[in-house]
Amino acid sequence: MKVKDAMPERRREITSLIHARYMVPVRPQRVIHEDYSVALSDDEIVAVLPHAEAIQNWPDASVTELPDHVLIPGLINAHTHSPMSLLRGYADDMELHVWLRDHIWPAEREFVGPEFVADGTRLAVAEMIRSGTTCFNDMYFFPDATIEACLEIGMRASIGITVIEIESAWATDVDSYIDKGLRLQEQLKSEPLISFTLSPHAPYTVSDETLCRISRLSEDLNFPVHMHLLETEWEIKQSQQQHELHPLSRLEQAGLLDSRLQAVHMAQISADDIEKMAAVGAHVIHCPQSNLKLASGICPLASLLEAGVNVALGTDGAASNNDLNLLAEAQSAALLAKGISGNAEAVNAFQVLDMMTINGARALGRGAQIGSIEAGKKADLCAVDLSAPETQPLHHVVSQLVYAASRRQVSDVWVAGRPLLRSGELTTLDLKDVIGRAQRWQSRLAGLEEALARDLKESVL
Ligand SMILES: [Zn+2]
């Protein structure tokens with residue numbers, strides 16, 4: 001990418017320096033720097049250079065020392081439903097459609113509103129920052145409340161203009177989902193931390209007419225389209241029965257199969273579908289733990305990468321995972337890819353780190369701003385302390401990070417140059433308050449579950 005500063009680096013005003021024992025900038029590829037520094041000017045990375053040179057250039061700059069750490073780009077969670085953190089553990093060990101129909105949708109009908117969404121977003125963002133995530137791609141109701149919470153915390157997010165042909169407290173029909181979402185986007189289009197996607201929920205909850213409308217909007221506004229796709233066998237059967245078409249063919253007919261598409265899950269993707277995705281440059285968001293837990297299938301990561309498809313990683317919502325831990329998601333993705341392809345060389349640790357960072361940025365249409373540690377990009381950074389016995393000895397920094405490190409080793413996180421986690425402590429969130437709010441929702445949800453169980457018993461009698 002083009003370095004923005006025309007004047008020599010040393011003459012730019014540097015607001016801070018971060019010195020790290022190790023740095024993996026992700027771009028250039030497969031590079032591990034030792035004793036390196038990042039120079040920041042407000043929200044931007046100005047230079048990436050050897051430690052000794054940085055001290056010489058800017059002897060008076062304020063410095064964060066990371067003597068036992070690896071500094072990497074902030075992680076990008078390319079698919080989640082952040083407010084669903086309040087439904088973590090609420091309904092487990094059941095198949096996707098029973099889970100949605102009998103538990104999640106009734107709970108959402110009863111409780112989803114601005115307060116639920118704001119409290120759930122705060123809980124989710126607290127967890128994500130503590131796991132090294134600096135940007136998330138969200139799909140939910142009341143996106144205004146999600147945005148407000150993100151701006152209050154200083155978190156970067158890509159916000160879905162959710163479209164689903166089911167009435168909710170947020171919107172009554174397709175027109176109102178789209179109109180309210182677009183109005184919000186118009187109000188916030190100059191907010192640097194927030195970007196938008198059009199988010200039709202899934203092929204089984206959106207009509208052909210709506211898919212065509214979203215396709216036109218995506219083209220006119222150049223918005224990415226964020227959608228659950230080919231998640232289960234049921235979805236494909238339902239599409240064949242109702243539309244006499246495979247879901248991917250429906251999207252193709254609607255004009256949605258292009259480089260703006262972020263196809264989430266793809267656990268039921270065939271070899272032909274992979275070719276189609278590769279040919280148009282569509283992105284796949286792989287959520288291995290959600291797919292495993294809901295027994296939806298396994299997305300063939302190795303084949304997708306081999307075909308040249310850009311694959312990013314997502315946690316999905318905490319109700320179906322049950323955490324928002326991208327490092328663990330990466331470990332699952334790597335091991336599953338090797339296991340199902342029968343090839344231990346299938347996906348290597350550097351590729352997995354790409355999936356957590358630059359591939360996510362590209363899928364979100366933000367590859368020029370985030371996803372790597374390069375001059376001119378936004379200062380979204382994550383430091384992982386590798387001094388713990390769990391990641392020693394350090395034969396290979398990226399292997400330790402991908403295969404051995406836990407999120408508990410994430411020590412410092414910056415979004416747009418602002419420290420949101422400092423030595424393990426959140427700087428812009430009161431954790432006690434966040435957890436207290438979550439516990440109040442736990443009581444309300446428990447009351448609903450009891451009422452649902454009572455209704456079910458009465459209907460059986
Ligand atoms: Zn999802």
# chains A, B, ... in the order shown; residues from 1 in each chain; ligands from 1

$ residues_around --residues "Glu110 (chain A)" --least-positions-apart "3" --cutoff "10 Å" --atoms "only C-alpha atoms" --output "VMD selection string"
chain A and resid 105 to 107 113 168 to 169 444 to 445 448

$ residues_around --residues "region 155-166 of chain A" --least-positions-apart "6" --cutoff "8 Å" --atoms "only C-alpha atoms" --output "number ranges by chain"
A: 125, 134-141, 143, 147, 172-174, 177-178, 181-182, 193-202, 205-207, 226, 364, 415

$ residues_around --residues "region 44-55 of chain A" --least-positions-apart "5" --cutoff "6 Å" --atoms "only C-alpha atoms" --output "list in words"
Asp35, Tyr36, Ser37, Val38, Ala39, Ala375, Gly376, Lys377, Lys378 and Ala379 of chain A

$ write_last_selection --atoms "N, CA and C atoms" --output "mmCIF file, in the first residue's frame"
data_model
loop_
_atom_site.group_PDB
_atom_site.id
_atom_site.type_symbol
_atom_site.label_atom_id
_atom_site.label_comp_id
_atom_site.auth_asym_id
_atom_site.auth_seq_id
_atom_site.Cartn_x
_atom_site.Cartn_y
_atom_site.Cartn_z
ATOM 1 N N ASP A 35 12.611 -7.192 18.003
ATOM 2 C CA ASP A 35 12.962 -5.862 18.526
ATOM 3 C C ASP A 35 12.556 -4.771 17.548
ATOM 4 N N TYR A 36 11.276 -4.694 17.317
ATOM 5 C CA TYR A 36 10.735 -3.729 16.364
ATOM 6 C C TYR A 36 9.778 -2.763 17.057
ATOM 7 N N SER A 37 9.530 -1.648 16.374
ATOM 8 C CA SER A 37 8.624 -0.638 16.924
ATOM 9 C C SER A 37 7.598 -0.195 15.895
ATOM 10 N N VAL A 38 6.465 0.268 16.428
ATOM 11 C CA VAL A 38 5.454 0.925 15.602
ATOM 12 C C VAL A 38 5.365 2.360 16.091
ATOM 13 N N ALA A 39 5.423 3.309 15.172
ATOM 14 C CA ALA A 39 5.249 4.716 15.534
ATOM 15 C C ALA A 39 3.844 5.136 15.146
ATOM 16 N N ALA A 375 2.522 1.183 7.545
ATOM 17 C CA ALA A 375 2.393 2.640 7.560
ATOM 18 C C ALA A 375 1.197 3.043 6.711
ATOM 19 N N GLY A 376 0.398 3.966 7.236
ATOM 20 C CA GLY A 376 -0.783 4.454 6.519
ATOM 21 C C GLY A 376 -2.059 3.765 6.967
ATOM 22 N N LYS A 377 -1.930 2.622 7.663
ATOM 23 C CA LYS A 377 -3.141 1.937 8.141
ATOM 24 C C LYS A 377 -3.530 2.432 9.534
ATOM 25 N N LYS A 378 -4.754 2.123 9.921
ATOM 26 C CA LYS A 378 -5.231 2.486 11.256
ATOM 27 C C LYS A 378 -4.493 1.651 12.311
ATOM 28 N N ALA A 379 -4.258 2.272 13.468
ATOM 29 C CA ALA A 379 -3.486 1.588 14.515
ATOM 30 C C ALA A 379 -4.409 0.696 15.342
#

$ atom_distance --atom1 "CA of Gln442 (chain A)" --atom2 "CA of Arg88 (chain A)"
9.7 Å

$ residues_around --residues "Leu421 (chain A)" --least-positions-apart "2" --cutoff "9 Å" --atoms "only C-alpha atoms" --output "ChimeraX atom specification"
/A:129-130,132,410-414,419,423-428

$ write_last_selection --atoms "N, CA and C atoms" --output "tab-separated table (two decimals), in the first residue's frame"
chain	number	residue	atom	x	y	z
A	129	ILE	N	-12.55	-7.58	23.21
A	129	ILE	CA	-11.30	-6.83	23.43
A	129	ILE	C	-10.33	-7.68	24.24
A	130	ARG	N	-10.85	-8.34	25.27
A	130	ARG	CA	-9.99	-9.20	26.11
A	130	ARG	C	-9.46	-10.40	25.34
A	132	GLY	N	-8.43	-9.96	22.07
A	132	GLY	CA	-7.58	-9.42	21.01
A	132	GLY	C	-8.32	-8.92	19.78
A	410	VAL	N	-3.56	-12.34	25.97
A	410	VAL	CA	-3.71	-11.03	25.31
A	410	VAL	C	-3.58	-9.97	26.40
A	411	SER	N	-2.59	-9.07	26.26
A	411	SER	CA	-2.33	-8.11	27.34
A	411	SER	C	-2.77	-6.70	27.00
A	412	ASP	N	-2.56	-6.30	25.73
A	412	ASP	CA	-2.84	-4.91	25.34
A	412	ASP	C	-3.52	-4.89	23.97
A	413	VAL	N	-4.50	-3.98	23.85
A	413	VAL	CA	-5.23	-3.85	22.59
A	413	VAL	C	-5.45	-2.37	22.30
A	414	TRP	N	-5.21	-1.98	21.07
A	414	TRP	CA	-5.46	-0.60	20.64
A	414	TRP	C	-6.46	-0.62	19.48
A	419	PRO	N	-5.66	2.96	23.47
A	419	PRO	CA	-5.57	1.69	24.21
A	419	PRO	C	-6.90	1.34	24.88
A	423	SER	N	-2.32	-3.80	29.90
A	423	SER	CA	-1.86	-4.84	30.85
A	423	SER	C	-3.04	-5.66	31.38
A	424	GLY	N	-3.93	-6.04	30.48
A	424	GLY	CA	-5.05	-6.91	30.86
A	424	GLY	C	-6.27	-6.21	31.41
A	425	GLU	N	-6.20	-4.88	31.57
A	425	GLU	CA	-7.34	-4.14	32.14
A	425	GLU	C	-8.05	-3.34	31.06
A	426	LEU	N	-9.38	-3.47	31.04
A	426	LEU	CA	-10.18	-2.67	30.09
A	426	LEU	C	-10.14	-1.21	30.53
A	427	THR	N	-9.95	-0.31	29.56
A	427	THR	CA	-9.80	1.10	29.93
A	427	THR	C	-11.09	1.90	29.75
A	428	THR	N	-12.01	1.39	28.93
A	428	THR	CA	-13.20	2.20	28.63
A	428	THR	C	-14.50	1.49	29.03
